Amino acid sequence: MEGMYAFCVGLLTACGIFLALRGRTFSVVIGLTLLSYAVNLFLFASGRLKLNAAAVLEQSEQYSDPLPQALVLTAIVIGFAMTAFVVILAMRARADLGNDHVDGTIPEPPNNTTQKSGGSQ
Amino acid sequence: MQHLSIFPILIPLLFGTIMLLPPISRDIHAQRVTSIIGTLFLLISCAFLLYQINNQGVQLYALGGWQAPFGIALVADKVSGLLVLLTAFLAFAVMLYAVAGQDKGGAYFHPLFMFQIMGINGAFLTGDIFNLFVFFEVLLIASYALLIHAGGKQKTQAALHYVILNLVGSSLFLFGLGILYGTLGTLNMADMAIKVGQLQGETATLAKTGALLLLVVFGLKAAMLPMHFWLPKTYASASAPVAALFAIMTKVGVYSIFRVYTVIFGEHAGELANIATPWLWPLALLTITIGSIGVLASPGIKTLSANLVIVSSGSLLACAAINSEAATSAALYYMVHSTLASAGLFLLADIMARQRGKAEDRFVRSRPFVQPKLLGFAFAILALALVGMPPLSGFVGKIMILQATQSTAQTMWVWPLILLGSLAALVTFSRAGTTLFWRHNGTVLAEAEQAKPMEIASIVLLLLAAPVLVLFGGVVSEFTQQAAHYLHDIQSSAYGLLPGVTP
């Protein structure tokens, strides 16, 4: 279970970072969302993974650490608000700047003759 | 009073909420009056808090009555007391400037301003590292909205970079916290400081990863190289009161570095002792260098002030790298000075830009000022303070930093860089002053507005800090020394905060 979990967190983080490094705001926002999912899962795992262990005292022999669950809840709420803000800001930037590139201008391709499916396409 | 240490968080929250509610939210005049009253209240309560800390020692406030390390604790020690008072003073002065007309550019300026103050004060006061994250987010989301206050292409573009960078920073912060909680099993800073010494082997390596991730995040906030690229554009494009308030934002990052890497990962951290120092040294020195180059290359006053913020961040990080009581004390003094002086420069740049027509704040030949004497005098004082010339506070601050170097190697690196940085500032300020005040063509702009009395009052208030910090230099530096001693003494900054725990 731990291996699977770690693999998922790692994959989400890798995809998130890759997308956050792209040139268009849409993929950047998706990247940030994936990154925050990865963070939430990671925080959840920081209290160790246990099966059949509710975070309630005196109900079962073993119980899981309740604090990471509270932390994840806080992180989800904050991450959600921030994502909402960045979506609105990206739309505003699209309207103000006339394109959806994070720098506000679409960079000239280095060589116009070769058609490559590069980062900003 | 027992609850005094939560007032710096509660007052802005209360006033910000009141200003969102109907009778006041529709009337800009009512909002202005409420804001002034709110910041004045804040200033008074912060002064009382500092007085109380000075007389009775550290104020430990357990939120909801849950004792640390199980509940969240607010720790008002001398360091946070000083910085909270600094924030309150800055907020009051900047608010005086904003009510003269700059707050009309967009909706909700006053509530957002209050929420940002709340976040900053909370970050200074909290004793719990996850709570630090929460207050970081509070101040960040307010700053995102304040940054695009008054609108415009440049602001949107700068805000997009700023928001995306800080969102990535928040994710890294949480990764770091997750690792630290997983290895240490606690989030209370005092408790972490005690437990970190027992880590060994693989766990210690894991905790080191978390700690260095946090350094990246704090470095991003503090504009440490190579995470400083967002700063010049963001600060130069923000409207004047917002940029002036942002002058303290980099200091929040520097404060967190001091708190985390002195108390938690300081000398007593066993295998993890002083882990940040080898990274902080080169990065701090490079930050000073790159900031000084930016100062020399600045095309206008706003960019110049933004680059000066980077230089001062670099100097403060160098103090963190020296990692001694004297250096921390120097950093605290310099922090107060540089926050107030750079805030003053941001406000002055705005007045100047408004009186020069199309030339705005750029260093080009243009129309003369409407009030050359007033502006020239203020500019000269700020320049002297920021360059670090006697007899103003910049001089004392820089001398304290230079004196704090311990070994020959440290002196060889820190002295030339700080002095050359001052020289770069001196060159740029002389160039700027000559162009702005002596090289004109044409006549005074007909529709140029004079600086309003409130705006002058605000700048005078910020300017007064420079001589006052020198006149009362003995008292202030003694206080910062005590604060630094407290921070470096794990007995008081960690064991003293947890009842029933002894080394």
# chains A, B, ... in the order shown; residues from 1 in each chain; ligands from 1
>>> interface_residues(of="chain A", to="chain B", cutoff="9 Å", atoms="only C-alpha atoms", output="number ranges by chain")
A: 17, 20, 25, 28-29, 32, 35-36, 38-40, 42-48, 68, 71, 74-75, 78-79, 81-83, 85-86, 89-90, 92-93, 96-97, 102-104
>>> write_last_selection(atoms="N, CA and C atoms", output="CSV table (one decimal), in the first residue's frame")
chain,number,residue,atom,x,y,z
A,17,ILE,N,4.4,19.7,-11.5
A,17,ILE,CA,5.5,20.5,-11.8
A,17,ILE,C,5.7,20.7,-13.3
A,20,ALA,N,3.0,23.1,-14.5
A,20,ALA,CA,3.2,24.5,-13.9
A,20,ALA,C,4.4,25.2,-14.7
A,25,THR,N,-1.5,29.9,-19.2
A,25,THR,CA,-2.1,30.0,-17.9
A,25,THR,C,-2.9,28.7,-17.6
A,28,VAL,N,-0.9,25.9,-16.5
A,28,VAL,CA,-0.2,26.2,-15.2
A,28,VAL,C,-1.2,26.0,-14.1
A,29,VAL,N,-2.5,26.5,-14.3
A,29,VAL,CA,-3.5,26.3,-13.3
A,29,VAL,C,-3.8,24.9,-13.0
A,32,LEU,N,-0.9,23.6,-11.0
A,32,LEU,CA,-1.0,24.0,-9.5
A,32,LEU,C,-2.0,23.1,-8.8
A,35,LEU,N,-0.6,19.8,-8.2
A,35,LEU,CA,0.4,19.9,-7.1
A,35,LEU,C,-0.3,19.9,-5.7
A,36,SER,N,-1.4,20.7,-5.7
A,36,SER,CA,-2.1,20.7,-4.4
A,36,SER,C,-2.7,19.4,-4.0
A,38,ALA,N,-1.4,16.5,-4.8
A,38,ALA,CA,-0.3,15.7,-4.3
A,38,ALA,C,0.1,16.1,-2.8
A,39,VAL,N,0.1,17.4,-2.6
A,39,VAL,CA,0.4,17.9,-1.2
A,39,VAL,C,-0.6,17.3,-0.2
A,40,ASN,N,-1.9,17.4,-0.6
A,40,ASN,CA,-2.9,16.9,0.4
A,40,ASN,C,-2.7,15.4,0.7
A,42,PHE,N,0.1,13.8,0.5
A,42,PHE,CA,1.3,13.7,1.2
A,42,PHE,C,1.1,14.0,2.7
A,43,LEU,N,0.4,15.1,2.9
A,43,LEU,CA,0.2,15.5,4.3
A,43,LEU,C,-0.6,14.4,5.1
A,44,PHE,N,-1.6,13.8,4.3
A,44,PHE,CA,-2.4,12.7,5.0
A,44,PHE,C,-1.5,11.6,5.4
A,45,ALA,N,-0.5,11.3,4.5
A,45,ALA,CA,0.4,10.2,4.8
A,45,ALA,C,1.4,10.5,5.9
A,46,SER,N,1.6,11.8,6.3
A,46,SER,CA,2.6,12.1,7.3
A,46,SER,C,2.2,11.6,8.6
A,47,GLY,N,1.0,11.2,8.8
A,47,GLY,CA,0.6,10.6,10.1
A,47,GLY,C,0.7,9.0,10.0
A,48,ARG,N,1.4,8.5,9.0
A,48,ARG,CA,1.5,7.1,8.8
A,48,ARG,C,0.2,6.5,8.3
A,68,PRO,N,-3.0,15.0,11.1
A,68,PRO,CA,-2.8,15.2,9.7
A,68,PRO,C,-4.2,15.4,9.0
A,71,LEU,N,-5.0,18.9,9.3
A,71,LEU,CA,-4.1,19.7,8.5
A,71,LEU,C,-4.5,19.6,7.0
A,74,THR,N,-7.5,21.8,6.4
A,74,THR,CA,-7.1,23.2,6.3
A,74,THR,C,-6.4,23.4,4.9
A,75,ALA,N,-5.5,22.5,4.5
A,75,ALA,CA,-4.8,22.7,3.2
A,75,ALA,C,-5.8,22.6,2.1
A,78,ILE,N,-7.7,26.0,1.9
A,78,ILE,CA,-6.9,27.1,1.5
A,78,ILE,C,-6.5,26.9,0.0
A,79,GLY,N,-6.2,25.7,-0.4
A,79,GLY,CA,-5.8,25.4,-1.8
A,79,GLY,C,-7.0,25.7,-2.7
A,81,ALA,N,-9.5,27.9,-2.3
A,81,ALA,CA,-9.6,29.3,-2.4
A,81,ALA,C,-8.6,29.9,-3.3
A,82,MET,N,-7.4,29.4,-3.2
A,82,MET,CA,-6.3,30.0,-4.0
A,82,MET,C,-6.5,29.6,-5.5
A,83,THR,N,-6.9,28.4,-5.7
A,83,THR,CA,-7.2,28.0,-7.1
A,83,THR,C,-8.3,28.8,-7.7
A,85,PHE,N,-9.0,31.8,-7.0
A,85,PHE,CA,-8.4,33.1,-7.2
A,85,PHE,C,-7.6,33.1,-8.5
A,86,VAL,N,-6.7,32.1,-8.6
A,86,VAL,CA,-5.8,32.1,-9.8
A,86,VAL,C,-6.6,31.9,-11.1
A,89,LEU,N,-7.9,35.3,-11.9
A,89,LEU,CA,-6.8,36.1,-12.3
A,89,LEU,C,-6.3,35.8,-13.7
A,90,ALA,N,-6.3,34.5,-14.0
A,90,ALA,CA,-5.9,34.1,-15.4
A,90,ALA,C,-6.9,34.6,-16.4
A,92,ARG,N,-8.8,37.3,-16.1
A,92,ARG,CA,-8.5,38.7,-16.1
A,92,ARG,C,-7.3,39.0,-17.0
A,93,ALA,N,-6.3,38.2,-16.8
A,93,ALA,CA,-5.0,38.5,-17.6
A,93,ALA,C,-5.3,38.2,-19.1
A,96,ASP,N,-7.1,41.4,-20.1
A,96,ASP,CA,-6.2,42.6,-20.1
A,96,ASP,C,-5.1,42.6,-21.1
A,97,LEU,N,-4.5,41.4,-21.2
A,97,LEU,CA,-3.2,41.3,-22.0
A,97,LEU,C,-3.5,40.8,-23.4
A,102,VAL,N,1.7,33.3,-19.8
A,102,VAL,CA,2.0,33.8,-18.4
A,102,VAL,C,2.8,35.1,-18.5
A,103,ASP,N,3.6,35.3,-19.5
A,103,ASP,CA,4.4,36.5,-19.6
A,103,ASP,C,3.6,37.7,-20.2
A,104,GLY,N,2.4,37.4,-20.7
A,104,GLY,CA,1.6,38.5,-21.3
A,104,GLY,C,1.9,38.7,-22.8
>>> residues_around(residues="B:Leu286", least_positions_apart="2", cutoff="12 Å", atoms="only C-alpha atoms", output="number ranges by chain")
B: 223-228, 279-284, 288-293, 310-311, 313-315, 317-318, 413-414, 417-418, 421
>>> select_by_dssp(residues="chain A", states="alpha helix (DSSP H)", output="PyMOL selection string")
chain A and resi 2-20+25-45+66-97
>>> residues_around(residues="B:Met249", least_positions_apart="6", cutoff="8 Å", atoms="only C-alpha atoms", output="list in words")
Ile120, Lys221 and Ala222 of chain B
>>> residues_around(residues="B:Ala451", least_positions_apart="6", cutoff="9 Å", atoms="only C-alpha atoms", output="PyMOL selection string")
chain B and resi 351-352+354-355+370-371
>>> write_last_selection(atoms="C-alpha atoms", output="PDB file, in the first residue's frame")
ATOM      1  CA  ILE B 351       4.063  61.946  -5.241  1.00  0.00           C
ATOM      2  CA  MET B 352       6.992  62.720  -7.523  1.00  0.00           C
ATOM      3  CA  ARG B 354       2.237  62.577 -10.147  1.00  0.00           C
ATOM      4  CA  GLN B 355       3.936  65.971 -10.432  1.00  0.00           C
ATOM      5  CA  VAL B 370       5.379  71.843  -8.102  1.00  0.00           C
ATOM      6  CA  GLN B 371       6.915  71.578  -4.633  1.00  0.00           C
TER       7      GLN B 371
END
>>> residues_around(residues="B:Pro111", least_positions_apart="4", cutoff="12 Å", atoms="only C-alpha atoms", output="number ranges by chain")
B: 11-21, 24-25, 28, 31-32, 34-35, 38-39, 95, 103, 106-107, 115-118, 142-143, 145-146
>>> write_last_selection(atoms="C-alpha atoms", output="tab-separated table (two decimals), in the first residue's frame")
chain	number	residue	atom	x	y	z
B	11	ILE	CA	-8.17	44.21	15.91
B	12	PRO	CA	-7.50	44.09	12.14
B	13	LEU	CA	-9.86	41.11	11.79
B	14	LEU	CA	-12.63	42.96	13.60
B	15	PHE	CA	-12.17	46.24	11.75
B	16	GLY	CA	-11.79	44.47	8.40
B	17	THR	CA	-15.04	42.58	8.96
B	18	ILE	CA	-16.90	45.70	10.11
B	19	MET	CA	-15.86	47.47	6.94
B	20	LEU	CA	-17.31	44.66	4.81
B	21	LEU	CA	-20.74	45.12	6.41
B	24	ILE	CA	-19.72	51.31	6.31
B	25	SER	CA	-19.03	49.26	3.18
B	28	ILE	CA	-15.70	55.54	1.49
B	31	GLN	CA	-14.28	53.40	5.73
B	32	ARG	CA	-11.43	55.88	5.90
B	34	THR	CA	-12.76	53.39	10.53
B	35	SER	CA	-9.40	52.43	9.03
B	38	GLY	CA	-8.42	50.75	13.55
B	39	THR	CA	-4.75	51.24	12.77
B	95	MET	CA	-3.07	54.29	5.88
B	103	ASP	CA	-7.78	54.05	-1.83
B	106	GLY	CA	-10.71	49.78	-6.49
B	107	ALA	CA	-13.25	48.20	-4.18
B	115	PHE	CA	-6.64	41.43	6.53
B	116	GLN	CA	-3.11	41.76	5.25
B	117	ILE	CA	-2.05	43.38	8.55
B	118	MET	CA	-3.78	40.53	10.37
B	142	ALA	CA	-4.94	39.77	0.81
B	143	SER	CA	-1.76	40.82	-0.98
B	145	ALA	CA	-6.00	41.29	-4.25
B	146	LEU	CA	-4.21	44.45	-3.07
>>> atom_distance(atom1="atom CA of B:Val242", atom2="atom CA of B:Val468")
24.7 Å
>>> closest_residue(among="B:Leu497, B:Leu199, B:Met389, B:Ala465", to="B:Gly270", atoms="only C-alpha atoms")
B:Leu199
>>> atom_distance(atom1="atom CA of B:Glu455", atom2="atom CA of B:His149")
18.6 Å
>>> atom_distance(atom1="atom CA of A:Ser27", atom2="atom CA of B:Phe246")
29.0 Å
>>> closest_residue(among="B:Leu112, B:Ile129, B:Phe124, B:Leu96", to="B:Ile6", atoms="only C-alpha atoms")
B:Phe124
